[in-house]
Each structure stands twice: as structure tokens, then as C-alpha cells.
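Q: One structure, as C-alpha cells, below. Some questions next.
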Amino acid sequence: EFGLSIKEGLFVRLTDPEGAGALAGIRPKDVILSVNGERTVTNLDFETALYRAMSQASARIGIWREGEGESTVEMVLAK
């Protein structure tokens with residue numbers, strides 16, 4: 001789907017330029033693979049993992065980017 005070579009994860013269509021994801025370095029067309037090591041295949045996986053992380057100041061977001069592969073960014077969580 002979306003013409004990408006990766007088949008699992010959450011495709012990022014848009015980011016709010018002032019939002020936590022964009023500030024962490026997540027860009028449109030990235031694919032979110034995990035939150036704090038928890039795989040995110042569905043929206044529910046992502047939301048559940050973020051909910052579990054809310055007691056922390058930040059979360060490690062595993063992403064995949066076309067042409068660059070996998071990496072991890074640190075996303076600051078709002079209190």
C-alpha cells in the first residue's frame with residue numbers, strides 16, 4: 001500500500017508542524033513501527049502504547065523512512 005516497500009506499521013499521512021510528532025522528527029510518509037518497543041500495526045496498538053507511556057516525559061518511536069530504513073526518535077509527551 002502507498003507504494004512503499006514496507007508492509008506493516010502505521011503510515012503517516014500528515015503531521016502538525018507544531019505537534020509532538022513533527023517536533024520529534026516524524027514526517028509525512030514515515031511509517032510508525034513501535035512505541036517504547038511495542039509493535040504498532042493498528043491504530044489501537046499505537047493509541048494503547050501511547051496511553052501506557054503517558055506517565056513518562058517522552059516515548060521512543062520506532063519509524064521507517066523510505067530510502068533510510070529504520071530509526072528511533074524521542075517524542076516529548078504532553079502532560
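Letters for chains follow the order of the C-alpha cells (A, B, ...), residue numbers begin at 1 for each chain, and ligand numbers begin at 1 in the order shown.
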Can I get the residues of region 11-53 of chain A within 12 Å of region 58-69 of chain A, each with the closest pair of atoms and their distance in Å to one decimal, using only C-alpha atoms, sorted chain first then ascending number, as CSV?

A:
```
residue,atom,partner,partner_atom,distance
A:Phe11,CA,A:Trp64,CA,9.4
A:Val12,CA,A:Ile63,CA,9.9
A:Ala20,CA,A:Ser58,CA,9.8
A:Gly21,CA,A:Ile61,CA,9.1
A:Ala22,CA,A:Ile61,CA,11.8
A:Ala24,CA,A:Ile61,CA,8.9
A:Gly25,CA,A:Ile63,CA,9.9
A:Ile26,CA,A:Ile63,CA,7.8
A:Arg27,CA,A:Arg65,CA,8.7
A:Pro28,CA,A:Arg65,CA,9.5
A:Lys29,CA,A:Arg65,CA,7.2
A:Asp30,CA,A:Arg65,CA,4.9
A:Val31,CA,A:Trp64,CA,5.1
A:Ile32,CA,A:Ile63,CA,4.5
A:Leu33,CA,A:Gly62,CA,5.2
A:Ser34,CA,A:Gly62,CA,4.8
A:Val35,CA,A:Ile61,CA,4.7
A:Asn36,CA,A:Arg60,CA,4.9
A:Gly37,CA,A:Gly62,CA,7.5
A:Glu38,CA,A:Gly62,CA,9.1
A:Arg39,CA,A:Gly62,CA,8.7
A:Thr40,CA,A:Gly62,CA,9.2
A:Val41,CA,A:Gly62,CA,11.9
A:Phe46,CA,A:Ile61,CA,10.0
A:Ala49,CA,A:Ala59,CA,9.4
A:Leu50,CA,A:Ala59,CA,7.7
A:Tyr51,CA,A:Ala59,CA,10.5
A:Arg52,CA,A:Ala59,CA,9.8
A:Ala53,CA,A:Ala59,CA,6.3
```

Q: Just checking: using only C-alpha atoms, which residue out of A:Asn43, A:Ser71, A:Gln56, A:Thr48 ends up closest to Leu10 (chain A)?

A: A:Asn43

Q: In Å, with one decimal, what is the gap from CA of Asp16 (chain A) to CA of Ala78 (chain A)?

A: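 If I compute the distance from CA of Asp16 (chain A) to CA of Ala78 (chain A), I get 14.5 Å.
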
Q: Identify all residues of chain A in helix (DSSP H, G or I) (DSSP on the backbone) and supply them as a PyMOL selection string.

A: chain A and resi 20-24+43-53

Q: Store the residues of this selection in a file with N, CA, C and O atoms, as a short mmCIF file (atom, residue, chain, number, x, y, z; two decimals), in the first residue's frame.

A:
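again_36.cif, written as the output of this step:
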```cif
data_model
loop_
_atom_site.label_atom_id
_atom_site.label_comp_id
_atom_site.auth_asym_id
_atom_site.auth_seq_id
_atom_site.Cartn_x
_atom_site.Cartn_y
_atom_site.Cartn_z
N ALA A 20 3.77 17.18 18.54
CA ALA A 20 4.84 16.40 19.16
C ALA A 20 5.56 15.51 18.16
O ALA A 20 6.78 15.37 18.20
N GLY A 21 4.82 14.89 17.25
CA GLY A 21 5.44 14.01 16.26
C GLY A 21 6.40 14.75 15.35
O GLY A 21 7.54 14.33 15.16
N ALA A 22 5.94 15.87 14.79
CA ALA A 22 6.80 16.66 13.89
C ALA A 22 8.01 17.21 14.63
O ALA A 22 9.12 17.20 14.11
N LEU A 23 7.81 17.65 15.87
CA LEU A 23 8.92 18.18 16.65
C LEU A 23 9.95 17.09 16.96
O LEU A 23 11.13 17.38 17.12
N ALA A 24 9.50 15.83 17.02
CA ALA A 24 10.42 14.71 17.25
C ALA A 24 11.14 14.30 15.97
O ALA A 24 12.09 13.53 16.01
N ASN A 43 -4.08 1.25 14.56
CA ASN A 43 -4.27 2.48 15.33
C ASN A 43 -4.45 2.18 16.81
O ASN A 43 -3.95 2.91 17.67
N LEU A 44 -5.18 1.10 17.12
CA LEU A 44 -5.40 0.73 18.53
C LEU A 44 -4.07 0.39 19.20
O LEU A 44 -3.84 0.78 20.35
N ASP A 45 -3.19 -0.33 18.51
CA ASP A 45 -1.86 -0.63 19.07
C ASP A 45 -1.13 0.66 19.43
O ASP A 45 -0.56 0.79 20.51
N PHE A 46 -1.17 1.62 18.52
CA PHE A 46 -0.48 2.90 18.72
C PHE A 46 -1.08 3.65 19.90
O PHE A 46 -0.35 4.11 20.79
N GLU A 47 -2.39 3.77 19.92
CA GLU A 47 -3.06 4.50 20.99
C GLU A 47 -2.83 3.84 22.34
O GLU A 47 -2.59 4.53 23.35
N THR A 48 -2.87 2.52 22.40
CA THR A 48 -2.65 1.79 23.65
C THR A 48 -1.22 1.99 24.15
O THR A 48 -1.00 2.25 25.33
N ALA A 49 -0.26 1.89 23.25
CA ALA A 49 1.14 2.08 23.64
C ALA A 49 1.39 3.50 24.12
O ALA A 49 2.11 3.72 25.10
N LEU A 50 0.80 4.50 23.45
CA LEU A 50 0.95 5.88 23.90
C LEU A 50 0.31 6.09 25.26
O LEU A 50 0.87 6.79 26.12
N TYR A 51 -0.85 5.49 25.47
CA TYR A 51 -1.52 5.60 26.77
C TYR A 51 -0.62 5.06 27.88
O TYR A 51 -0.46 5.68 28.93
N ARG A 52 0.00 3.90 27.62
CA ARG A 52 0.91 3.31 28.62
C ARG A 52 2.12 4.21 28.88
O ARG A 52 2.68 4.20 29.96
N ALA A 53 2.53 4.97 27.88
CA ALA A 53 3.72 5.82 28.00
C ALA A 53 3.43 7.16 28.67
O ALA A 53 4.36 7.90 29.00
#
```

Q: Could you tell me how far CA of Met54 (chain A) sits from CA of Met75 (chain A), in Å to one decimal place?

A: 11.2 Å

Q: How would you write, as a list in words, the set of residues in region 17-76 of chain A that DSSP gives as strand (DSSP E or B)?

A: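 Strand (DSSP E or B) members of region 17-76 of chain A, listed: Val31, Ile32, Leu33, Ser34, Val35, Glu38, Arg39, Ser58, Ala59, Arg60, Ile61, Gly62, Ile63, Trp64, Arg65, Gly69, Glu70, Ser71, Thr72, Val73, Glu74, Met75 and Val76 of chain A.
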
Q: Please indicate the distance in Å from CA of Ala57 (chain A) to CA of Arg13 (chain A), rounded to one decimal place.

A: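 So the answer is 25.3 Å.
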